[in-house]
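Pasting model_19.txt here (compact mmCIF, C-alpha atoms):
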# COMPACT_ATOMS: atom_id res chain seq x y z
CA MET A 16 -78.89 -83.16 27.06
CA THR A 17 -76.69 -84.07 30.02
CA GLU A 18 -74.23 -85.82 27.67
CA GLN A 19 -73.96 -82.69 25.51
CA VAL A 20 -73.23 -80.51 28.55
CA THR A 21 -70.59 -82.99 29.72
CA LYS A 22 -68.91 -83.02 26.32
CA ARG A 23 -68.95 -79.23 26.20
CA GLY A 24 -67.36 -79.09 29.66
CA HIS A 25 -64.59 -81.49 28.60
CA TRP A 26 -63.94 -79.42 25.49
CA GLN A 27 -63.60 -76.23 27.56
CA VAL A 28 -61.15 -77.93 29.97
CA TRP A 29 -58.96 -79.12 27.09
CA LEU A 30 -59.06 -75.66 25.52
CA MET A 31 -57.88 -74.08 28.78
CA ILE A 32 -55.06 -76.64 29.05
CA ALA A 33 -53.99 -75.91 25.46
CA ILE A 34 -53.95 -72.15 26.07
CA LEU A 35 -52.00 -72.50 29.32
CA SER A 36 -49.47 -74.82 27.65
CA GLY A 37 -49.01 -72.33 24.83
CA VAL A 38 -48.35 -69.50 27.28
CA ILE A 39 -45.76 -71.58 29.19
CA ILE A 40 -43.97 -72.63 25.99
CA ALA A 41 -43.96 -69.05 24.70
CA GLY A 42 -42.54 -67.91 28.01
CA PHE A 43 -39.60 -70.30 27.70
CA LEU A 44 -38.96 -69.26 24.11
CA LEU A 45 -39.10 -65.54 24.89
CA PHE A 46 -37.20 -65.61 28.19
CA PRO A 47 -33.86 -63.88 27.57
CA SER A 48 -30.66 -65.79 28.25
CA THR A 49 -28.61 -62.80 29.45
CA GLU A 50 -29.21 -59.84 31.73
CA GLU A 51 -28.71 -57.41 28.83
CA GLN A 52 -31.36 -59.18 26.76
CA ARG A 53 -33.75 -59.18 29.71
CA ASN A 54 -33.43 -55.42 30.21
CA SER A 55 -33.79 -54.78 26.49
CA LEU A 56 -36.92 -56.94 26.39
CA LEU A 57 -38.46 -55.12 29.37
CA SER A 58 -37.84 -51.80 27.67
CA SER A 59 -39.27 -52.88 24.31
CA LEU A 60 -42.39 -54.31 25.93
CA GLY A 61 -43.30 -50.87 27.22
CA THR A 62 -43.78 -51.82 30.86
CA THR A 63 -45.41 -49.40 33.26
CA ASN A 64 -42.11 -48.26 34.73
CA HIS A 65 -41.79 -44.72 36.04
CA GLY A 66 -38.01 -44.49 35.96
CA GLU A 67 -35.93 -44.38 32.80
CA PHE A 68 -34.30 -47.58 31.58
CA VAL A 69 -30.54 -47.16 31.31
CA LEU A 70 -29.59 -48.22 27.78
CA PRO A 71 -27.29 -49.86 27.12
CA PRO A 72 -27.07 -51.39 30.62
CA VAL A 73 -23.62 -51.11 32.23
CA SER A 74 -22.04 -52.85 35.21
CA MET A 75 -20.92 -50.97 38.32
CA GLU A 76 -18.41 -53.75 39.01
CA SER A 77 -15.65 -51.67 37.41
CA LEU A 78 -16.14 -48.73 39.80
CA THR A 79 -13.36 -48.20 42.34
CA LEU A 80 -14.96 -47.36 45.67
CA VAL A 81 -13.41 -47.10 49.13
CA ASP A 82 -14.95 -46.60 52.56
CA ALA A 83 -13.90 -44.07 55.23
CA GLU A 84 -11.02 -46.34 56.33
CA GLY A 85 -9.73 -46.73 52.79
CA THR A 86 -10.99 -50.30 52.43
CA PRO A 87 -11.98 -51.10 48.83
CA TRP A 88 -15.60 -51.98 48.09
CA LYS A 89 -15.88 -54.84 45.61
CA LEU A 90 -19.19 -55.93 44.16
CA SER A 91 -18.12 -59.57 44.01
CA GLU A 92 -17.64 -59.60 47.79
CA GLN A 93 -21.03 -58.09 48.64
CA LYS A 94 -24.30 -59.77 49.48
CA THR A 95 -26.72 -60.15 46.59
CA LYS A 96 -28.95 -57.08 46.79
CA TRP A 97 -30.73 -54.46 44.74
CA ARG A 98 -29.10 -51.06 45.20
CA LEU A 99 -29.73 -47.38 44.66
CA LEU A 100 -26.53 -45.56 43.79
CA ILE A 101 -26.44 -41.82 44.54
CA ALA A 102 -23.36 -39.76 43.71
CA GLY A 103 -22.46 -36.22 44.74
CA GLY A 104 -19.79 -34.17 46.43
CA GLY A 105 -18.06 -34.31 49.79
CA ASN A 106 -20.62 -31.79 50.99
CA CYS A 107 -24.12 -33.18 50.60
CA ILE A 108 -26.40 -30.15 50.21
CA ALA A 109 -29.61 -29.09 48.46
CA GLN A 110 -30.37 -31.62 45.69
CA CYS A 111 -28.22 -34.25 47.38
CA ARG A 112 -30.09 -34.09 50.69
CA GLU A 113 -33.42 -34.07 48.90
CA MET A 114 -32.51 -37.18 46.90
CA ILE A 115 -31.14 -39.01 49.93
CA TYR A 116 -34.28 -38.21 51.91
CA LEU A 117 -36.49 -39.37 49.03
CA THR A 118 -34.64 -42.67 48.69
CA ARG A 119 -34.71 -43.21 52.47
CA GLN A 120 -38.49 -43.00 52.42
CA VAL A 121 -38.54 -45.43 49.51
CA HIS A 122 -36.33 -47.88 51.41
CA ILE A 123 -38.54 -47.70 54.52
CA SER A 124 -41.69 -48.19 52.45
CA LEU A 125 -40.41 -51.36 50.76
CA GLY A 126 -41.44 -53.35 53.84
CA LYS A 127 -40.72 -57.05 53.35
CA TYR A 128 -38.44 -56.23 50.42
CA SER A 129 -36.24 -53.82 52.38
CA ARG A 130 -33.77 -56.53 53.46
CA ARG A 131 -32.95 -57.16 49.79
CA PHE A 132 -32.16 -53.51 49.15
CA GLU A 133 -29.53 -50.94 50.14
CA ARG A 134 -28.52 -47.38 49.30
CA LEU A 135 -25.00 -46.20 48.47
CA TYR A 136 -23.81 -42.61 48.52
CA ILE A 137 -20.56 -41.95 46.63
CA ALA A 138 -18.59 -38.78 47.32
CA LEU A 139 -16.73 -38.08 44.09
CA ASP A 140 -13.07 -37.00 44.08
CA GLU A 141 -13.07 -36.09 47.77
CA LYS A 142 -13.73 -37.36 51.25
CA ILE A 143 -17.06 -36.69 52.85
CA SER A 144 -16.86 -33.56 54.99
CA GLU A 145 -17.23 -33.80 58.77
CA GLU A 146 -20.42 -31.76 58.61
CA THR A 147 -21.92 -34.15 56.05
CA VAL A 148 -20.73 -37.20 58.02
CA GLY A 149 -22.56 -35.88 61.08
CA TYR A 150 -25.69 -35.11 59.09
CA LEU A 151 -25.79 -38.55 57.48
CA LYS A 152 -25.15 -40.43 60.73
CA LYS A 153 -27.97 -38.57 62.41
CA ASN A 154 -30.54 -38.67 59.63
CA HIS A 155 -29.54 -41.63 57.44
CA PRO A 156 -27.84 -44.27 59.61
CA PHE A 157 -28.48 -47.08 57.09
CA LEU A 158 -26.96 -45.25 54.13
CA HIS A 159 -23.59 -46.71 53.07
CA THR A 160 -21.03 -44.05 52.15
CA TYR A 161 -17.96 -44.37 49.94
CA SER A 162 -15.52 -42.26 47.94
CA GLY A 163 -15.03 -42.67 44.21
CA SER A 164 -13.88 -41.06 40.98
CA ALA A 165 -16.11 -38.65 39.08
CA GLN A 166 -14.28 -39.40 35.83
CA GLU A 167 -14.73 -43.14 36.36
CA LEU A 168 -18.46 -42.76 36.95
CA LYS A 169 -18.86 -40.42 33.99
CA SER A 170 -16.94 -42.81 31.71
CA LEU A 171 -19.18 -45.66 32.81
CA LEU A 172 -22.44 -43.81 32.15
CA ASN A 173 -21.55 -41.50 29.23
CA SER A 174 -22.38 -44.19 26.68
CA THR A 175 -25.88 -44.56 28.11
CA ASN A 176 -29.04 -42.48 27.81
CA ALA A 177 -28.68 -41.43 31.48
CA PRO A 178 -25.20 -39.90 31.82
CA PHE A 179 -23.92 -38.48 35.08
CA SER A 180 -24.01 -34.70 34.60
CA LEU A 181 -24.02 -33.24 38.11
CA ASN A 182 -21.55 -30.50 39.03
CA THR A 183 -20.79 -31.86 42.49
CA SER A 184 -19.30 -28.68 43.95
CA GLU A 185 -22.27 -26.45 43.05
CA GLU A 186 -24.92 -29.15 42.61
CA THR A 187 -25.92 -27.86 39.21
CA GLY A 188 -27.11 -30.27 36.57
CA THR A 189 -29.28 -33.33 37.08
CA MET A 190 -29.17 -35.26 40.35
CA ARG A 191 -29.85 -38.92 39.66
CA ALA A 192 -30.36 -42.10 41.65
CA TYR A 193 -29.37 -45.20 39.68
CA LEU A 194 -31.09 -48.51 40.37
CA VAL A 195 -28.62 -51.40 40.23
CA ASP A 196 -29.84 -54.98 39.98
CA GLN A 197 -28.58 -58.02 41.86
CA GLN A 198 -25.87 -58.72 39.27
CA GLY A 199 -24.53 -55.15 39.44
CA LEU A 200 -26.11 -53.83 36.24
CA VAL A 201 -27.16 -50.19 36.31
CA MET A 202 -30.62 -50.61 34.84
CA MET A 203 -32.82 -47.62 35.76
CA SER A 204 -32.40 -43.94 36.52
CA TYR A 205 -34.50 -41.58 38.64
CA THR A 206 -34.39 -37.82 39.12
CA LEU A 207 -36.08 -35.57 41.67
CA GLU A 208 -39.00 -35.28 39.25
CA ASN A 209 -39.93 -38.84 40.23
CA ASP A 210 -41.83 -39.15 43.49
CA GLY A 211 -41.38 -41.88 46.06
CA SER A 212 -44.51 -43.83 45.12
CA GLU A 213 -43.27 -44.17 41.54
CA MET A 214 -39.90 -45.51 42.65
CA ILE A 215 -41.51 -47.90 45.12
CA GLU A 216 -43.84 -49.29 42.45
CA ASP A 217 -40.94 -49.95 40.06
CA ILE A 218 -38.67 -51.52 42.67
CA GLU A 219 -41.36 -53.73 44.20
CA HIS A 220 -42.35 -54.94 40.74
CA LEU A 221 -38.76 -55.85 39.87
CA MET A 222 -38.11 -57.53 43.23
CA LYS A 223 -41.31 -59.53 42.98
CA TYR A 224 -40.15 -61.23 39.79
CA SER A 225 -36.43 -61.51 40.60
CA PRO A 226 -34.67 -64.37 42.45
CA GLN A 227 -34.20 -63.99 46.21
Output the file's structure as structure tokens, nothing else.
Amino acid sequence: MTEQVTKRGHWQVWLMIAILSGVIIAGFLLFPSTEEQRNSLLSSLGTTNHGEFVLPPVSMESLTLVDAEGTPWKLSEQKTKWRLLIAGGGNCIAQCREMIYLTRQVHISLGKYSRRFERLYIALDEKISEETVGYLKKNHPFLHTYSGSAQELKSLLNSTNAPFSLNTSEETGTMRAYLVDQQGLVMMSYTLENDGSEMIEDIEHLMKYSPQ
């Protein structure tokens, strides 16, 4: 009887090893070789994401951004981080302030992941007004602000399923926050219909399985 139990135990151990080996091998075979393939795979698997996958994924590397002193911002010169890109007008009002506040709360709530994450606000086709500069410094000191081209941003995103459609002067249309991965690919989009907990869940999940 003892010999039969021992044999059964050995058989179960070997079965577990075989299953685990199969999972590892399948993982290597399925793992995408490019960032585009990875994002496409995530989308097709139907993950529990709350934001909308940006398809096809596009790189923000081509965007021409400058800071308040006129110094160009180049992705290749930045630290490797996840980013939320928010674009609006020189006057940040209504939807803009709501989105910036929402993303600030998300950033704070990321805890140990917060150092790997930053937020960018892009004022399109104009400098940020003095009133907005004062508001942002007081309420959002860790928000990075830049100026950029509305046409450039629209051209980048028009081919995707999450185009930039905000009228920056009147803030009509859809205000979006775009999640950009560590390689600069715009991969997810959020609107004010998403709440902070949904964004946090998505971002933490992605950071957990991405390289440091």
### Task
For region 140-148 of chain A, please output as a PyMOL selection string all residues within 7 Å (counting only C-alpha atoms; exclusion window: fewer than 2 positions along the same chain).
chain A and resi 105-107+138+150-152+162-165
Mind dumping the selected residues with C-alpha atoms as a compact mmCIF listing (two decimals), in the frame of the given file?
# COMPACT_ATOMS: atom_id res chain seq x y z
CA GLY A 105 -18.06 -34.31 49.79
CA ASN A 106 -20.62 -31.79 50.99
CA CYS A 107 -24.12 -33.18 50.60
CA ALA A 138 -18.59 -38.78 47.32
CA TYR A 150 -25.69 -35.11 59.09
CA LEU A 151 -25.79 -38.55 57.48
CA LYS A 152 -25.15 -40.43 60.73
CA SER A 162 -15.52 -42.26 47.94
CA GLY A 163 -15.03 -42.67 44.21
CA SER A 164 -13.88 -41.06 40.98
CA ALA A 165 -16.11 -38.65 39.08
Find the spatial neighbours of Leu168 (chain A), counting all atoms listed in the file, within a cut-off of 9 Å - ignore same-chain residues fewer than 3 positions away - and output them as an mmCIF file with C-alpha atoms, keeping the file's coordinate frame.
data_model
loop_
_atom_site.group_PDB
_atom_site.id
_atom_site.type_symbol
_atom_site.label_atom_id
_atom_site.label_comp_id
_atom_site.auth_asym_id
_atom_site.auth_seq_id
_atom_site.Cartn_x
_atom_site.Cartn_y
_atom_site.Cartn_z
ATOM 1 C CA MET A 75 -20.920 -50.970 38.320
ATOM 2 C CA LEU A 78 -16.140 -48.730 39.800
ATOM 3 C CA ALA A 102 -23.360 -39.760 43.710
ATOM 4 C CA LEU A 139 -16.730 -38.080 44.090
ATOM 5 C CA GLY A 163 -15.030 -42.670 44.210
ATOM 6 C CA SER A 164 -13.880 -41.060 40.980
ATOM 7 C CA ALA A 165 -16.110 -38.650 39.080
ATOM 8 C CA LEU A 171 -19.180 -45.660 32.810
ATOM 9 C CA LEU A 172 -22.440 -43.810 32.150
ATOM 10 C CA ASN A 173 -21.550 -41.500 29.230
ATOM 11 C CA PRO A 178 -25.200 -39.900 31.820
ATOM 12 C CA PHE A 179 -23.920 -38.480 35.080
#
### Task
Take CA of Glu185 (chain A) and CA of Gln166 (chain A) and report the distance between them in Å, one decimal.
16.8 Å
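With only C-alpha atoms as the atoms that count, the residue of A:Arg119, A:His159, A:Lys127, A:Lys96 with the shortest distance to Asp82 (chain A) is A:His159.
You will find CA of Pro72 (chain A) at 20.9 Å from CA of Trp88 (chain A).
CA of Phe132 (chain A) lies 14.8 Å from CA of Leu117 (chain A).
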### Polymer residues at most 8 Å from region 181-183 of chain A, all atoms listed in the file, same-chain spacing of 5 or more positions, as a list in words
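What passes the distance filter is Gly103, Gly104, Leu139, Gly188, Thr189 and Met190 of chain A.
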### Task
Might you pull out every residue within 10 Å of Glu219 (chain A), with only C-alpha atoms counted and same-chain residues fewer than 5 positions away left off, and present them as number ranges by chain?
A: 124-129, 214, 224-225
### Task
Using all atoms listed in the file, give me every residue within 6 Å of (-33.0, -54.5, 39.1) in file coordinates, as a ChimeraX atom specification.
/A:195-196,221
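Nearest residue to Gln120 (chain A), choosing from A:Lys223, A:Lys169, A:Arg134, A:His65 and counting only C-alpha atoms: A:Arg134.
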